[in-house]
Every structure is written in C-alpha cells, then in structure tokens.
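Student: As input, take my_file-v3.cif (mmCIF, C-alpha atoms):
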data_coords
#
loop_
_atom_site.group_PDB
_atom_site.id
_atom_site.type_symbol
_atom_site.label_atom_id
_atom_site.label_comp_id
_atom_site.auth_asym_id
_atom_site.auth_seq_id
_atom_site.Cartn_x
_atom_site.Cartn_y
_atom_site.Cartn_z
ATOM 1 C CA LEU A 1 65.428 2.560 12.286
ATOM 2 C CA PRO A 2 67.541 0.813 9.664
ATOM 3 C CA LYS A 3 70.234 2.789 7.877
ATOM 4 C CA GLU A 4 71.414 1.430 4.538
ATOM 5 C CA GLY A 5 69.598 -1.854 5.175
ATOM 6 C CA TYR A 6 70.908 -2.500 8.676
ATOM 7 C CA ALA A 7 69.798 -1.819 12.253
ATOM 8 C CA GLN A 8 71.622 -2.703 15.474
ATOM 9 C CA GLY A 9 70.157 -2.825 18.966
ATOM 10 C CA ALA A 10 70.503 -4.316 22.423
ATOM 11 C CA ALA A 11 68.284 -6.159 24.890
ATOM 12 C CA GLY A 12 65.193 -4.092 25.643
ATOM 13 C CA ASP A 13 65.301 -2.177 22.333
ATOM 14 C CA THR A 14 62.256 -2.446 20.076
ATOM 15 C CA MET A 15 63.366 -3.405 16.579
ATOM 16 C CA ARG A 16 60.803 -2.219 13.991
ATOM 17 C CA THR A 17 60.735 -4.439 10.905
ATOM 18 C CA TYR A 18 58.452 -4.176 7.867
ATOM 19 C CA PHE A 19 56.096 -6.810 9.318
ATOM 20 C CA PHE A 20 56.496 -6.709 13.086
ATOM 21 C CA ASP A 21 58.267 -5.252 16.096
ATOM 22 C CA PHE A 22 60.420 -7.505 18.216
ATOM 23 C CA THR A 23 62.172 -7.046 21.526
ATOM 24 C CA LEU A 24 64.766 -9.238 23.203
ATOM 25 C CA ASN A 25 63.554 -9.226 26.821
ATOM 26 C CA GLU A 26 66.288 -11.349 28.390
ATOM 27 C CA ALA A 27 68.848 -14.010 27.511
ATOM 28 C CA TYR A 28 70.721 -16.641 29.458
ATOM 29 C CA THR A 29 72.824 -19.722 28.834
ATOM 30 C CA CYS A 30 72.396 -23.077 30.531
ATOM 31 C CA SER A 31 73.626 -26.646 30.161
ATOM 32 C CA ARG A 32 70.119 -28.142 29.828
ATOM 33 C CA TYR A 33 66.543 -26.940 29.407
ATOM 34 C CA GLU A 34 63.519 -28.908 30.632
ATOM 35 C CA GLY A 35 65.349 -32.183 29.954
ATOM 36 C CA TYR A 36 66.816 -31.139 26.595
ATOM 37 C CA ILE A 37 70.606 -31.545 26.577
ATOM 38 C CA PRO A 38 72.652 -29.906 23.782
ATOM 39 C CA THR A 39 75.350 -31.506 21.663
ATOM 40 C CA PRO A 40 78.595 -32.091 23.635
ATOM 41 C CA GLY A 41 80.715 -28.909 23.628
ATOM 42 C CA TYR A 42 77.636 -26.687 23.440
ATOM 43 C CA ASP A 43 75.413 -24.814 25.876
ATOM 44 C CA LEU A 44 71.900 -23.589 25.284
ATOM 45 C CA LEU A 45 71.079 -19.929 24.740
ATOM 46 C CA ALA A 46 67.538 -19.114 25.849
ATOM 47 C CA ALA A 47 66.439 -15.804 24.305
ATOM 48 C CA GLU A 48 63.034 -14.508 25.403
ATOM 49 C CA VAL A 49 61.498 -12.363 22.673
ATOM 50 C CA THR A 50 58.235 -10.523 22.258
ATOM 51 C CA VAL A 51 56.947 -10.244 18.691
ATOM 52 C CA LYS A 52 54.135 -7.787 17.842
ATOM 53 C CA ASN A 53 52.458 -7.787 14.437
ATOM 54 C CA THR A 54 52.432 -4.229 13.041
ATOM 55 C CA PHE A 55 51.323 -5.304 9.541
ATOM 56 C CA GLN A 56 47.782 -4.561 8.327
ATOM 57 C CA GLU A 57 46.882 -8.264 8.243
ATOM 58 C CA GLY A 58 47.712 -11.504 9.994
ATOM 59 C CA ILE A 59 51.202 -12.929 9.469
ATOM 60 C CA THR A 60 52.773 -16.342 9.904
ATOM 61 C CA MET A 61 55.996 -16.488 11.920
ATOM 62 C CA PHE A 62 58.578 -19.266 11.769
ATOM 63 C CA ASP A 63 61.276 -20.188 14.279
ATOM 64 C CA TRP A 64 63.887 -19.924 11.517
ATOM 65 C CA ASP A 65 63.003 -16.235 11.056
ATOM 66 C CA PHE A 66 65.577 -15.640 13.811
ATOM 67 C CA VAL A 67 69.168 -16.897 13.896
ATOM 68 C CA VAL A 68 71.936 -16.570 16.447
ATOM 69 C CA LEU A 69 75.409 -15.487 15.341
ATOM 70 C CA PHE A 70 78.503 -16.408 17.319
ATOM 71 C CA ASP A 71 82.274 -16.485 16.970
ATOM 72 C CA ASP A 72 83.924 -19.712 15.942
ATOM 73 C CA ASP A 73 87.705 -19.649 16.266
ATOM 74 C CA THR A 74 88.045 -22.040 13.308
ATOM 75 C CA GLN A 75 86.071 -19.741 10.951
ATOM 76 C CA GLU A 76 86.901 -16.249 9.731
ATOM 77 C CA GLU A 77 83.267 -15.148 9.804
ATOM 78 C CA ASP A 78 80.540 -15.476 12.402
ATOM 79 C CA VAL A 79 78.770 -18.805 12.448
ATOM 80 C CA TYR A 80 74.993 -18.938 12.774
ATOM 81 C CA ASP A 81 72.419 -21.442 13.916
ATOM 82 C CA TYR A 82 68.652 -21.776 13.962
ATOM 83 C CA PRO A 83 66.501 -22.449 17.057
ATOM 84 C CA ILE A 84 66.373 -26.110 18.132
ATOM 85 C CA THR A 85 62.652 -26.197 17.257
ATOM 86 C CA SER A 86 63.715 -26.091 13.600
ATOM 87 C CA TYR A 87 65.891 -29.227 13.915
ATOM 88 C CA GLU A 88 64.151 -32.093 12.146
ATOM 89 C CA ASP A 89 65.522 -35.068 14.045
ATOM 90 C CA VAL A 90 65.629 -33.708 17.605
ATOM 91 C CA GLU A 91 63.300 -34.869 20.348
ATOM 92 C CA ILE A 92 62.251 -31.836 22.410
ATOM 93 C CA PRO A 93 60.577 -32.632 25.755
ATOM 94 C CA GLN A 94 56.906 -31.632 25.958
ATOM 95 C CA THR A 95 57.589 -29.453 29.022
ATOM 96 C CA ALA A 96 60.081 -27.404 26.993
ATOM 97 C CA LEU A 97 57.619 -26.931 24.132
ATOM 98 C CA GLN A 98 55.224 -25.138 26.510
ATOM 99 C CA THR A 99 57.613 -22.163 26.901
ATOM 100 C CA LEU A 100 59.328 -22.144 23.500
ATOM 101 C CA LEU A 101 57.990 -20.248 20.522
ATOM 102 C CA PRO A 102 56.641 -22.931 18.184
ATOM 103 C CA SER A 103 58.265 -23.702 14.841
ATOM 104 C CA GLU A 104 55.316 -21.927 13.178
ATOM 105 C CA PHE A 105 52.659 -19.620 14.600
ATOM 106 C CA SER A 106 50.204 -16.974 13.427
ATOM 107 C CA LEU A 107 49.872 -13.433 14.682
ATOM 108 C CA ASP A 108 46.676 -11.495 14.002
ATOM 109 C CA ALA A 109 47.046 -7.837 13.007
ATOM 110 C CA GLY A 110 48.064 -6.031 16.199
ATOM 111 C CA GLY A 111 48.607 -9.329 18.047
ATOM 112 C CA SER A 112 51.713 -10.195 20.024
ATOM 113 C CA ARG A 113 53.379 -13.237 21.527
ATOM 114 C CA THR A 114 56.227 -13.759 23.975
ATOM 115 C CA GLY A 115 58.282 -16.928 24.210
ATOM 116 C CA LEU A 116 61.741 -18.437 24.193
ATOM 117 C CA LEU A 117 63.976 -19.176 21.244
ATOM 118 C CA LEU A 118 66.438 -21.898 22.250
ATOM 119 C CA PHE A 119 69.765 -22.178 20.405
ATOM 120 C CA GLU A 120 72.812 -24.447 20.721
ATOM 121 C CA VAL A 121 75.898 -22.240 21.161
ATOM 122 C CA PRO A 122 79.571 -22.931 21.983
ATOM 123 C CA ALA A 123 79.976 -23.848 25.660
ATOM 124 C CA GLY A 124 81.180 -20.969 27.821
ATOM 125 C CA ASP A 125 80.312 -18.197 25.347
ATOM 126 C CA THR A 126 78.012 -15.408 26.584
ATOM 127 C CA SER A 127 78.177 -12.869 23.737
ATOM 128 C CA PHE A 128 75.972 -13.391 20.680
ATOM 129 C CA ILE A 129 73.882 -11.596 18.084
ATOM 130 C CA LEU A 130 70.191 -12.386 17.533
ATOM 131 C CA SER A 131 69.481 -11.595 13.885
ATOM 132 C CA TYR A 132 66.404 -11.204 11.673
ATOM 133 C CA THR A 133 66.412 -10.403 7.947
ATOM 134 C CA GLU A 134 63.258 -9.368 6.096
ATOM 135 C CA PHE A 135 62.265 -11.748 3.299
ATOM 136 C CA PHE A 136 59.484 -10.902 0.862
ATOM 137 C CA GLU A 137 57.193 -13.086 -1.255
ATOM 138 C CA ASP A 138 59.085 -12.149 -4.428
ATOM 139 C CA GLU A 139 62.192 -13.708 -2.776
ATOM 140 C CA SER A 140 63.883 -10.327 -2.325
ATOM 141 C CA THR A 141 65.393 -9.377 1.006
ATOM 142 C CA GLY A 142 64.919 -6.215 3.006
ATOM 143 C CA ASP A 143 66.660 -4.919 6.096
ATOM 144 C CA THR A 144 68.662 -6.913 8.636
ATOM 145 C CA PHE A 145 68.123 -6.345 12.353
ATOM 146 C CA ASP A 146 70.855 -7.454 14.776
ATOM 147 C CA VAL A 147 70.453 -7.400 18.550
ATOM 148 C CA ASP A 148 73.562 -7.703 20.714
ATOM 149 C CA VAL A 149 73.044 -10.425 23.305
ATOM 150 C CA THR A 150 74.982 -10.575 26.570
ATOM 151 C CA ALA A 151 73.700 -13.717 28.240
ATOM 152 C CA VAL A 152 73.895 -14.471 31.939
ATOM 153 C CA ARG A 153 74.719 -18.016 33.028
ATOM 154 C CA LYS A 154 71.951 -19.957 34.818
#
Take the structure from the file and write it as structure tokens.
Tutor:
Amino acid sequence: LPKEGYAQGAAGDTMRTYFFDFTLNEAYTCSRYEGYIPTPGYDLLAAEVTVKNTFQEGITMFDWDFVVLFDDDTQEEDVYDYPITSYEDVEIPQTALQTLLPSEFSLDAGGSRTGLLLFEVPAGDTSFILSYTEFFEDESTGDTFDVDVTAVRK
C-alpha cells in the first residue's frame, strides 16, 4: 500500500491503485519484436502486465498510463518513455499488435487483461522501473506506483 503517495514493488507483486490492480509478470529485452526494430542504440523492453479493474464501474485504460524509467548518463534524473504503441508515426507490425496491450482498451468492473507493453530503452540496460501515477478527472494526481524491473535478455 502507498505510503505518503508512493508505493514500490517488484515483479510478481500486486500493486493496488485507486482504479485497478496491476502485476508485472515478466520482463525481457530484445533487439527486435515481431519485425519491429527500435531506434539505433536502443533495445526493446517487453513488460508483460496483468491489469484487473477493481473500480465499481468500467474503466478505460491507455498505453501511456504506464511509463518506463531508466538511467541516462547524460541526465541527472531518470529519463522516461511511453510504450511504442503511443508513438504517432511508428509502423508496428500486425503480428506484434496481437500480443501488445492496445493504445486504448476498456475493462469492465472486475475484468482483467494481460498483455505486453513494449518500450525502447538504452541498448544493454537490464534495470528499469515501470511506473504508474493515478490521475483523476479533476486533473489532480494521486499515488505513484513503481515496480523494479530486472529484465532478462532474449
């Protein structure tokens, strides 16, 4: 449970947000995914997550609800990026779209969905943070949930 607006977990932990529970099931890095090749100097981080709606009504999820944080030696702070499904001008192969969480999807009350979030990350890195921050309709923010990711190389 969050303390002072922040919760930290690891793969396999169930993170309980205001709207849903989510679990990072597994994570790995690779140099390509179903024909999608990242920007030169980057690998892909595939993070399989399960999201379960715990709210009293249906909710809409977006790929940009989750970000990945990683070290960048040229920056003092962590750098973050959104899943590739949120990139506007990127062509994602149809075979990849079958396993990735879509850019937008609905979850009925009590419903759940498992899929991959695919991020471009610095080549060779294996340590990341998958992060979610609660945002409310009045534009206020709630708690932040960070999951430590130790990715295996595939």
Student: Which distance in Å separates atom CA of Leu118 of chain A and atom CA of Ser31 of chain A, to one decimal?
Tutor: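 Distance between the two atoms: 11.7 Å.
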Student: Just give me the residues with any atom within 9 Å of (63.7, -2.9, 23.3), file coordinates, counting all atoms listed in the file, written as a list in words.
Tutor: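 Residues satisfying the cut-off, written out: Gly9, Ala10, Ala11, Gly12, Asp13, Thr14, Met15, Phe22, Thr23, Leu24 and Asn25 of chain A.
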Student: Could you list the residues chosen by the PyMOL selection byres ((chain A and resi 58) around 6) in this structure as a ChimeraX atom specification?
Tutor: /A:57,59,107-109
Student: Could you write out that same residue set with C-alpha atoms as a compact mmCIF listing (two decimals), in the coordinates of the input?
Tutor:
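Just written: selection-v6.txt:
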# COMPACT_ATOMS: atom_id res chain seq x y z
CA GLU A 57 46.88 -8.26 8.24
CA ILE A 59 51.20 -12.93 9.47
CA LEU A 107 49.87 -13.43 14.68
CA ASP A 108 46.68 -11.50 14.00
CA ALA A 109 47.05 -7.84 13.01
Student: Write out, as CSV, each residue of segment 8-81 of chain A that has an atom at most 12 Å from segment 126-142 of chain A, together with the closest pair of atoms and their distance in Å to one decimal, counting all atoms listed in the file, rows going by chain and rising number.
Tutor:
residue,atom,partner,partner_atom,distance
A:Gln8,CA,A:Ser131,CA,9.3
A:Gly9,CA,A:Ile129,CA,9.6
A:Ala10,CA,A:Ile129,CA,9.1
A:Ala11,CA,A:Leu130,CA,9.8
A:Met15,CA,A:Tyr132,CA,9.7
A:Arg16,CA,A:Tyr132,CA,10.8
A:Thr17,CA,A:Glu134,CA,7.3
A:Tyr18,CA,A:Glu134,CA,7.3
A:Phe19,CA,A:Glu134,CA,8.3
A:Phe20,CA,A:Glu134,CA,10.1
A:Asp21,CA,A:Tyr132,CA,11.0
A:Phe22,CA,A:Tyr132,CA,9.6
A:Thr23,CA,A:Leu130,CA,10.4
A:Leu24,CA,A:Leu130,CA,8.5
A:Asn25,CA,A:Leu130,CA,11.8
A:Glu26,CA,A:Leu130,CA,11.6
A:Ala27,CA,A:Thr126,CA,9.3
A:Tyr28,CA,A:Thr126,CA,7.9
A:Thr29,CA,A:Thr126,CA,7.1
A:Cys30,CA,A:Thr126,CA,10.3
A:Tyr42,CA,A:Thr126,CA,11.7
A:Asp43,CA,A:Thr126,CA,9.8
A:Leu44,CA,A:Thr126,CA,10.3
A:Leu45,CA,A:Thr126,CA,8.5
A:Ala46,CA,A:Leu130,CA,11.0
A:Ala47,CA,A:Leu130,CA,8.5
A:Glu48,CA,A:Leu130,CA,10.8
A:Val49,CA,A:Leu130,CA,10.1
A:Val51,CA,A:Tyr132,CA,11.8
A:Met61,CA,A:Phe135,CA,11.7
A:Phe62,CA,A:Tyr132,CA,11.2
A:Asp63,CA,A:Tyr132,CA,10.7
A:Trp64,CA,A:Tyr132,CA,9.1
A:Asp65,CA,A:Tyr132,CA,6.1
A:Phe66,CA,A:Tyr132,CA,5.0
A:Val67,CA,A:Ser131,CA,5.3
A:Val68,CA,A:Leu130,CA,4.7
A:Leu69,CA,A:Ile129,CA,5.0
A:Phe70,CA,A:Phe128,CA,5.2
A:Asp71,CA,A:Phe128,CA,7.9
A:Asp72,CA,A:Phe128,CA,11.2
A:Asp78,CA,A:Ile129,CA,9.6
A:Val79,CA,A:Phe128,CA,10.2
A:Tyr80,CA,A:Ile129,CA,9.1
A:Asp81,CA,A:Leu130,CA,10.0
Student: Would you work out the distance separating atom CA of Pro83 of chain A from atom CA of Tyr36 of chain A, expressed in Å to one decimal?
Tutor: 12.9 Å
Student: With a distance cut-off of 12 Å and all atoms listed in the file, select the neighbouring residues of Glu4 of chain A, excluding the residue or stretch itself and same-chain residues fewer than 2 positions from it, and output the selection as a list in words.
Tutor: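 Listed by chain and then number, they are Leu1, Pro2, Tyr6, Ala7, Gln8, Gly142, Asp143, Thr144 and Phe145 of chain A.
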Student: How would you write, as JSON, numbers by chain, the residues chosen by the PyMOL selection byres ((chain A and resi 115) around 8) on this structure?
Tutor: {"A": [48, 49, 50, 99, 100, 101, 113, 114, 116, 117]}
Student: Can you measure atom CA of Gly124 of chain A to atom CA of Ile37 of chain A for me? One decimal in Å is fine.
Tutor: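 Straight-line distance from atom CA of Gly124 of chain A to atom CA of Ile37 of chain A works out to 15.0 Å.
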